[in-house]
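Heads up, run.cif below (mmCIF, C-alpha atoms and all ligand atoms):
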data_input
#
loop_
_atom_site.group_PDB
_atom_site.id
_atom_site.type_symbol
_atom_site.label_atom_id
_atom_site.label_comp_id
_atom_site.auth_asym_id
_atom_site.auth_seq_id
_atom_site.Cartn_x
_atom_site.Cartn_y
_atom_site.Cartn_z
ATOM 1 C CA MET X 1 11.043 -13.134 -5.983
ATOM 2 C CA SER X 2 12.888 -12.235 -9.134
ATOM 3 C CA LYS X 3 13.056 -8.444 -9.572
ATOM 4 C CA ILE X 4 13.470 -6.450 -12.790
ATOM 5 C CA SER X 5 14.207 -2.756 -13.369
ATOM 6 C CA LEU X 6 11.535 -0.834 -15.274
ATOM 7 C CA PRO X 7 12.571 1.274 -18.263
ATOM 8 C CA GLU X 8 11.127 4.385 -16.620
ATOM 9 C CA ALA X 9 9.945 5.566 -13.187
ATOM 10 C CA SER X 10 6.516 4.231 -12.221
ATOM 11 C CA ASN X 11 4.243 4.071 -9.160
ATOM 12 C CA SER X 12 1.650 1.876 -10.854
ATOM 13 C CA PHE X 13 1.624 -0.746 -8.061
ATOM 14 C CA CYS X 14 1.920 1.711 -5.183
ATOM 15 C CA PRO X 15 -1.676 2.020 -3.894
ATOM 16 C CA GLN X 16 -2.892 5.536 -3.222
ATOM 17 C CA SER X 17 -5.894 7.085 -1.537
ATOM 18 C CA LEU X 18 -7.905 9.706 -3.395
ATOM 19 C CA PHE X 19 -8.932 13.157 -2.157
ATOM 20 C CA LEU X 20 -11.222 15.815 -3.595
ATOM 21 C CA TYR X 21 -9.662 19.248 -3.104
ATOM 22 C CA GLY X 22 -12.230 21.983 -2.526
ATOM 23 C CA THR X 23 -11.660 25.665 -3.356
ATOM 24 C CA TYR X 24 -13.899 28.670 -3.940
ATOM 25 C CA LYS X 25 -13.806 30.238 -7.391
ATOM 26 C CA GLU X 26 -13.646 34.033 -7.817
ATOM 27 C CA ASP X 27 -17.469 34.229 -7.944
ATOM 28 C CA GLY X 28 -17.814 32.174 -4.742
ATOM 29 C CA THR X 29 -18.863 28.934 -6.479
ATOM 30 C CA PRO X 30 -17.306 25.850 -4.856
ATOM 31 C CA ASN X 31 -15.054 23.724 -7.079
ATOM 32 C CA PHE X 32 -13.730 20.203 -6.462
ATOM 33 C CA ALA X 33 -10.944 18.345 -8.308
ATOM 34 C CA LEU X 34 -9.529 14.841 -7.751
ATOM 35 C CA PHE X 35 -5.982 14.181 -6.482
ATOM 36 C CA SER X 36 -3.935 11.113 -5.580
ATOM 37 C CA TRP X 37 -0.461 12.597 -5.014
ATOM 38 C CA PHE X 38 -1.165 13.337 -1.380
ATOM 39 C CA SER X 39 0.779 12.329 1.708
ATOM 40 C CA TYR X 40 1.881 13.455 5.167
ATOM 41 C CA MET X 41 4.856 15.251 6.703
ATOM 42 C CA TRP X 42 6.273 16.344 10.036
ATOM 43 C CA ASP X 43 7.848 19.719 10.881
ATOM 44 C CA SER X 44 7.140 20.426 14.573
ATOM 45 C CA GLU X 45 3.568 19.279 13.887
ATOM 46 C CA PHE X 46 1.691 16.842 11.659
ATOM 47 C CA GLY X 47 1.098 18.220 8.167
ATOM 48 C CA VAL X 48 0.157 17.370 4.592
ATOM 49 C CA ILE X 49 2.234 17.353 1.416
ATOM 50 C CA ALA X 50 0.417 17.619 -1.914
ATOM 51 C CA SER X 51 1.779 17.535 -5.444
ATOM 52 C CA ILE X 52 -0.099 19.264 -8.255
ATOM 53 C CA GLY X 53 1.330 18.079 -11.540
ATOM 54 C CA GLU X 54 0.490 20.823 -14.024
ATOM 55 C CA PRO X 55 -1.486 24.079 -14.285
ATOM 56 C CA LYS X 56 -5.175 23.809 -13.364
ATOM 57 C CA LEU X 57 -7.860 25.945 -11.779
ATOM 58 C CA THR X 58 -7.420 24.340 -8.350
ATOM 59 C CA LEU X 59 -3.722 25.282 -8.303
ATOM 60 C CA ASP X 60 -4.445 28.863 -9.429
ATOM 61 C CA LEU X 61 -7.001 29.242 -6.623
ATOM 62 C CA ILE X 62 -4.666 27.737 -3.998
ATOM 63 C CA ARG X 63 -1.831 30.062 -5.086
ATOM 64 C CA GLU X 64 -4.166 33.024 -4.692
ATOM 65 C CA LYS X 65 -6.061 32.156 -1.507
ATOM 66 C CA ARG X 66 -3.578 29.721 0.103
ATOM 67 C CA VAL X 67 -6.389 27.544 1.516
ATOM 68 C CA PHE X 68 -8.291 24.444 0.386
ATOM 69 C CA SER X 69 -10.003 21.340 1.759
ATOM 70 C CA ALA X 70 -8.956 17.717 1.098
ATOM 71 C CA ASN X 71 -11.869 15.250 1.359
ATOM 72 C CA LEU X 72 -11.265 11.503 1.417
ATOM 73 C CA VAL X 73 -12.997 9.704 -1.479
ATOM 74 C CA THR X 74 -15.184 6.738 -0.533
ATOM 75 C CA GLU X 75 -16.928 4.213 -2.786
ATOM 76 C CA GLU X 76 -20.122 6.256 -2.457
ATOM 77 C CA LEU X 77 -18.365 9.392 -3.727
ATOM 78 C CA LEU X 78 -16.434 7.712 -6.551
ATOM 79 C CA ASP X 79 -18.666 8.572 -9.545
ATOM 80 C CA ALA X 80 -18.710 12.254 -8.633
ATOM 81 C CA ALA X 81 -14.986 12.173 -7.802
ATOM 82 C CA HIS X 82 -14.127 10.687 -11.199
ATOM 83 C CA TYR X 83 -16.182 13.419 -12.857
ATOM 84 C CA CYS X 84 -14.280 16.076 -10.894
ATOM 85 C CA GLY X 85 -10.981 14.499 -11.977
ATOM 86 C CA THR X 86 -11.846 14.484 -15.664
ATOM 87 C CA HIS X 87 -13.507 17.891 -16.078
ATOM 88 C CA GLY X 88 -11.873 21.293 -15.674
ATOM 89 C CA GLY X 89 -13.484 23.697 -13.238
ATOM 90 C CA ALA X 90 -12.768 26.828 -15.283
ATOM 91 C CA THR X 91 -15.551 26.098 -17.757
ATOM 92 C CA GLU X 92 -18.228 24.412 -15.666
ATOM 93 C CA ASP X 93 -19.925 24.114 -12.297
ATOM 94 C CA LYS X 94 -18.891 20.580 -11.235
ATOM 95 C CA VAL X 95 -20.944 20.700 -8.034
ATOM 96 C CA ALA X 96 -24.116 21.345 -10.034
ATOM 97 C CA SER X 97 -23.178 18.581 -12.503
ATOM 98 C CA THR X 98 -22.493 15.941 -9.831
ATOM 99 C CA GLY X 99 -24.905 16.845 -7.040
ATOM 100 C CA LEU X 100 -22.091 16.787 -4.452
ATOM 101 C CA ARG X 101 -23.361 18.065 -1.096
ATOM 102 C CA VAL X 102 -21.200 20.999 -0.014
ATOM 103 C CA ALA X 103 -20.619 22.342 3.500
ATOM 104 C CA ARG X 104 -18.381 25.133 4.833
ATOM 105 C CA GLY X 105 -15.078 24.626 6.608
ATOM 106 C CA GLU X 106 -15.160 24.909 10.413
ATOM 107 C CA LYS X 107 -11.912 26.897 10.676
ATOM 108 C CA LEU X 108 -11.011 28.049 7.155
ATOM 109 C CA ASP X 109 -12.991 29.673 4.344
ATOM 110 C CA VAL X 110 -13.077 26.534 2.184
ATOM 111 C CA PRO X 111 -15.860 24.366 0.748
ATOM 112 C CA THR X 112 -15.960 20.846 2.198
ATOM 113 C CA LEU X 113 -17.932 17.718 1.321
ATOM 114 C CA ALA X 114 -20.779 16.783 3.653
ATOM 115 C CA ASP X 115 -20.546 13.121 2.612
ATOM 116 C CA SER X 116 -16.784 12.584 2.931
ATOM 117 C CA PRO X 117 -15.962 10.907 6.261
ATOM 118 C CA TRP X 118 -12.525 12.567 6.612
ATOM 119 C CA THR X 119 -11.865 16.201 5.675
ATOM 120 C CA PHE X 120 -8.726 18.261 6.208
ATOM 121 C CA GLU X 121 -8.882 22.068 6.095
ATOM 122 C CA LEU X 122 -5.479 23.076 4.790
ATOM 123 C CA GLU X 123 -3.319 26.160 4.433
ATOM 124 C CA ALA X 124 -0.570 25.904 1.806
ATOM 125 C CA ALA X 125 2.102 27.323 4.118
ATOM 126 C CA LYS X 126 4.889 26.777 1.558
ATOM 127 C CA ILE X 127 4.422 26.513 -2.185
ATOM 128 C CA ILE X 128 7.387 25.099 -4.078
ATOM 129 C CA GLU X 129 6.935 26.064 -7.727
ATOM 130 C CA LEU X 130 7.968 23.511 -10.373
ATOM 131 C CA PRO X 131 8.776 25.612 -13.481
ATOM 132 C CA ASP X 132 9.346 22.646 -15.829
ATOM 133 C CA SER X 133 5.722 21.444 -15.495
ATOM 134 C CA GLY X 134 3.999 24.605 -14.247
ATOM 135 C CA GLY X 135 2.892 22.551 -11.229
ATOM 136 C CA ALA X 136 3.807 22.895 -7.548
ATOM 137 C CA VAL X 137 4.415 20.990 -4.342
ATOM 138 C CA LEU X 138 2.394 22.272 -1.399
ATOM 139 C CA LEU X 139 3.521 21.915 2.218
ATOM 140 C CA CYS X 140 0.338 22.341 4.202
ATOM 141 C CA LYS X 141 -0.630 23.209 7.757
ATOM 142 C CA ILE X 142 -3.716 21.344 8.952
ATOM 143 C CA HIS X 143 -6.108 23.840 10.572
ATOM 144 C CA ASN X 144 -8.924 21.363 11.168
ATOM 145 C CA THR X 145 -9.790 17.681 10.635
ATOM 146 C CA SER X 146 -13.515 16.951 10.583
ATOM 147 C CA VAL X 147 -14.489 13.296 10.614
ATOM 148 C CA ASP X 148 -17.424 10.919 10.817
ATOM 149 C CA GLU X 149 -17.575 10.418 14.583
ATOM 150 C CA ARG X 150 -17.978 6.665 14.149
ATOM 151 C CA LEU X 151 -14.428 6.481 12.709
ATOM 152 C CA VAL X 152 -12.822 7.645 15.947
ATOM 153 C CA ASP X 153 -14.882 5.466 18.309
ATOM 154 C CA GLU X 154 -12.051 3.378 19.723
ATOM 155 C CA SER X 155 -14.474 0.948 21.345
ATOM 156 C CA VAL X 156 -15.035 -0.424 17.822
ATOM 157 C CA PRO X 157 -12.145 -2.426 16.245
ATOM 158 C CA VAL X 158 -10.297 -0.456 13.561
ATOM 159 C CA GLU X 159 -11.052 -3.082 10.891
ATOM 160 C CA GLU X 160 -14.779 -2.492 11.446
ATOM 161 C CA ARG X 161 -14.329 1.280 11.301
ATOM 162 C CA LEU X 162 -12.397 0.884 8.043
ATOM 163 C CA ARG X 163 -15.341 -1.021 6.557
ATOM 164 C CA LEU X 164 -17.658 1.846 7.511
ATOM 165 C CA CYS X 165 -15.375 4.333 5.791
ATOM 166 C CA SER X 166 -14.727 2.274 2.604
ATOM 167 C CA PRO X 167 -12.004 4.487 1.083
ATOM 168 C CA VAL X 168 -11.273 3.969 -2.615
ATOM 169 C CA ARG X 169 -7.822 2.592 -3.438
ATOM 170 C CA TYR X 170 -6.215 3.845 -6.667
ATOM 171 C CA VAL X 171 -3.742 1.499 -8.406
ATOM 172 C CA ASP X 172 -2.494 1.362 -12.011
ATOM 173 C CA ASN X 173 -5.040 3.934 -13.196
ATOM 174 C CA LYS X 174 -7.942 1.878 -11.802
ATOM 175 C CA TYR X 175 -10.240 2.272 -8.808
ATOM 176 C CA PHE X 176 -10.576 -0.557 -6.254
ATOM 177 C CA SER X 177 -12.591 -1.077 -3.099
ATOM 178 C CA GLY X 178 -10.377 -0.447 -0.076
ATOM 179 C CA ASN X 179 -12.440 -3.060 1.775
ATOM 180 C CA ASP X 180 -12.492 -6.147 -0.427
ATOM 181 C CA GLY X 181 -10.231 -5.232 -3.369
ATOM 182 C CA ARG X 182 -13.105 -5.303 -5.905
ATOM 183 C CA LEU X 183 -12.464 -3.441 -9.182
ATOM 184 C CA LEU X 184 -14.749 -0.393 -9.174
ATOM 185 C CA GLY X 185 -13.783 1.292 -12.430
ATOM 186 C CA ASP X 186 -11.137 2.466 -14.835
ATOM 187 C CA ALA X 187 -9.861 6.012 -14.376
ATOM 188 C CA ALA X 188 -8.844 6.170 -18.032
ATOM 189 C CA GLU X 189 -12.415 5.721 -19.288
HETATM 190 C C1 LIG H 201 -7.769 9.326 -10.528
HETATM 191 C C2 LIG H 201 -7.228 10.713 -10.749
HETATM 192 C C3 LIG H 201 -6.201 11.194 -9.943
HETATM 193 C C4 LIG H 201 -5.655 12.471 -10.149
HETATM 194 N N1 LIG H 201 -4.621 12.894 -9.360
HETATM 195 C C5 LIG H 201 -4.026 14.092 -9.614
HETATM 196 C C6 LIG H 201 -2.893 14.520 -8.831
HETATM 197 O O1 LIG H 201 -2.481 13.876 -7.855
HETATM 198 N N2 LIG H 201 -2.279 15.691 -9.174
HETATM 199 C C7 LIG H 201 -2.745 16.458 -10.211
HETATM 200 O O2 LIG H 201 -2.145 17.503 -10.489
HETATM 201 N N3 LIG H 201 -3.866 16.122 -10.930
HETATM 202 C C8 LIG H 201 -4.498 14.946 -10.649
HETATM 203 N N4 LIG H 201 -5.610 14.563 -11.388
HETATM 204 C C9 LIG H 201 -6.154 15.475 -12.418
HETATM 205 C C10 LIG H 201 -7.134 16.553 -11.909
HETATM 206 O O3 LIG H 201 -8.124 16.031 -11.036
HETATM 207 C C11 LIG H 201 -7.815 17.183 -13.158
HETATM 208 O O4 LIG H 201 -6.812 17.869 -13.920
HETATM 209 C C12 LIG H 201 -8.999 18.093 -12.854
HETATM 210 O O5 LIG H 201 -9.781 18.205 -14.037
HETATM 211 C C13 LIG H 201 -8.596 19.482 -12.423
HETATM 212 O O6 LIG H 201 -9.788 20.203 -12.155
HETATM 213 P P1 LIG H 201 -9.823 21.803 -11.949
HETATM 214 O O7 LIG H 201 -9.687 22.431 -13.316
HETATM 215 O O8 LIG H 201 -11.194 22.033 -11.375
HETATM 216 O O9 LIG H 201 -8.715 22.185 -11.024
HETATM 217 C C14 LIG H 201 -6.175 13.301 -11.185
HETATM 218 C C15 LIG H 201 -7.249 12.834 -11.971
HETATM 219 C C16 LIG H 201 -7.770 11.549 -11.768
HETATM 220 C C17 LIG H 201 -8.911 11.057 -12.631
#
Kindly transcribe the structure held in the file into structure tokens.
Ligand SMILES: Cc1cc2nc3c(=O)[nH]c(=O)nc-3n(C[C@H](O)[C@H](O)[C@H](O)COP(=O)(O)O)c2cc1C
Amino acid sequence: MSKISLPEASNSFCPQSLFLYGTYKEDGTPNFALFSWFSYMWDSEFGVIASIGEPKLTLDLIREKRVFSANLVTEELLDAAHYCGTHGGATEDKVASTGLRVARGEKLDVPTLADSPWTFELEAAKIIELPDSGGAVLLCKIHNTSVDERLVDESVPVEERLRLCSPVRYVDNKYFSGNDGRLLGDAAE
């Protein structure tokens, strides 16, 4: 392998999973927005770290209420997820536009997605404000993880359970099948 240094920082070949973050608006309407800068942390217990890059409704609502859900995006959810990632929630009802099926959190007052196989209910326990961008980094306590029961059936090999789940993989601004690597769409379109 012959390596080169890029002219600027990039994660374009660092595959990411996608999550739809669910919050309730002031009038109680559920809102979902798409996020890829999501990972995990440890501080006496397993937690989530989320980066929100610039001001948006979802961040305003998390600052105010401190709670949200993070729902893993599968191939089946991709069209609606893309819509939620390219439309602001302040001016429209994205759930009505996409037909996403919404449920309520088991432990927190957050909207969740009935058709996502892996949902975290999260409390933003620490919010690190990023004044240069107006964004924030959220260190989150996991209050509940609700999952498709078939995904935790250890009698079935994990590769088979992964096929059932079919999470979308996000690389270089494009969506790919997490199962067979097929190109599913271009996030820039
Ligand atoms: C594929 C994809 C990934 C995204 N990932 C992030 C992210 O990790 N952080 C972020 O701040 N915004 C991210 N966005 C942008 C938000 O989803 C977008 O600004 C959304 O419209 C915000 O909706 P809201 O106004 O309802 O909060 C992403 C968008 C797309 C299409």
**Message:** Suppose a student applies the PyMOL selection byres (((not hetatm)) within 8 of (chain H and resi 201)) to this structure; what residues should they get, written as a PyMOL selection string?
**Reply:** chain X and resi 18+31-38+50-59+81-90+94+135+170+173-175+187-188
**Close residues, Phe68 in chain X itself excluded, 9 Å, only C-alpha atoms, min 3 positions apart in chain, as a PyMOL selection string** = chain X and resi 21-24+58+61-62+65+108-112+120-124
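You will find CA of Pro167 in chain X at 23.6 Å from CA of Trp42 in chain X.
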**For Asp43 in chain X, the nearest of the candidates X:Ile142, X:Ala114, X:Ser17, X:Ile128, counting only C-alpha atoms** = X:Ile142
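The residues caught by the PyMOL selection byres (((chain X and resi 11-15) around 6) and not hetatm) in this file are X:Ser10, X:Gln16, X:Tyr170, X:Val171, X:Asp172.
You can rank X:Ala80, X:Leu113, X:Ala125, X:Ala96 by their closest distance to Ser146 in chain X using all atoms listed in the file, and at the top of that list sits X:Leu113.
Shortest atom-to-atom contact with Ser116 in chain X among X:Phe19, X:Ser155, X:Glu92, X:Glu160: X:Phe19, counting all atoms listed in the file.
Residues lying at most 12 Å from (-8.2, 15.2, 12.0) in file coordinates, with all atoms listed in the file considered, are X:Phe46, X:Gly47, X:Val48, X:Ala70, X:Asn71, X:Leu72, X:Pro117, X:Trp118, X:Thr119, X:Phe120, X:Glu121, X:Leu122, X:Lys141, X:Ile142, X:His143, X:Asn144, X:Thr145, X:Ser146, X:Val147, X:Asp148, X:Glu149, X:Leu151, X:Val152.
From CA of Met41 in chain X back to CA of Val168 in chain X, the distance works out to 21.8 Å.
As for CA of Arg101 in chain X and CA of Glu26 in chain X, they are spaced 19.9 Å apart.
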List as CSV every residue of range 52-125 of chain X that is in contact with range 178-183 of chain X, defined as an atom at most 12 Å from one of its atoms (using all atoms listed in the file), together with the nearest atom pair and the distance in Å rounded to one decimal, sorted by chain and then rising number.
residue,atom,partner,partner_atom,distance
X:Val73,CA,X:Gly178,CA,10.6
X:Thr74,CA,X:Gly178,CA,8.7
X:Glu75,CA,X:Gly178,CA,8.5
Spatial neighbours of Lys126 in chain X, max dist 9 Å, all atoms listed in the file, sep filter under 4 positions, as a PDB file with C-alpha atoms, keeping the file's coordinate frame:
ATOM      1  CA  VAL X 137       4.415  20.990  -4.342  1.00  0.00           C
ATOM      2  CA  LEU X 138       2.394  22.272  -1.399  1.00  0.00           C
ATOM      3  CA  LEU X 139       3.521  21.915   2.218  1.00  0.00           C
ATOM      4  CA  CYS X 140       0.338  22.341   4.202  1.00  0.00           C
TER       5      CYS X 140
END
If I wrap all listed atoms of range 35-52 of chain X in a box with edges along x, y and z and add 8 Å on each side, what are its centre and edge lengths in Å to one decimal, as lines of an AutoDock Vina configuration file?
center_x = 0.9
center_y = 15.8
center_z = 3.2
size_x = 29.8
size_y = 25.3
size_z = 38.8
**Pick from X:Ala9, X:Ile127, X:Ser44, X:Asp115 nearest to Arg66 in chain X, counting only C-alpha atoms** = X:Ile127
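Residues lying within 8 Å of (-21.5, 1.1, 2.5). Counted over all atoms listed in the file, they are Glu75, Glu76, Arg163, Leu164, Cys165 and Ser166 of chain X.
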**Message:** Counting all atoms listed in the file, which residue out of X:Phe176, X:Ser69, X:Pro157, X:Glu45 sits closest to Glu106 in chain X?
**Reply:** X:Ser69
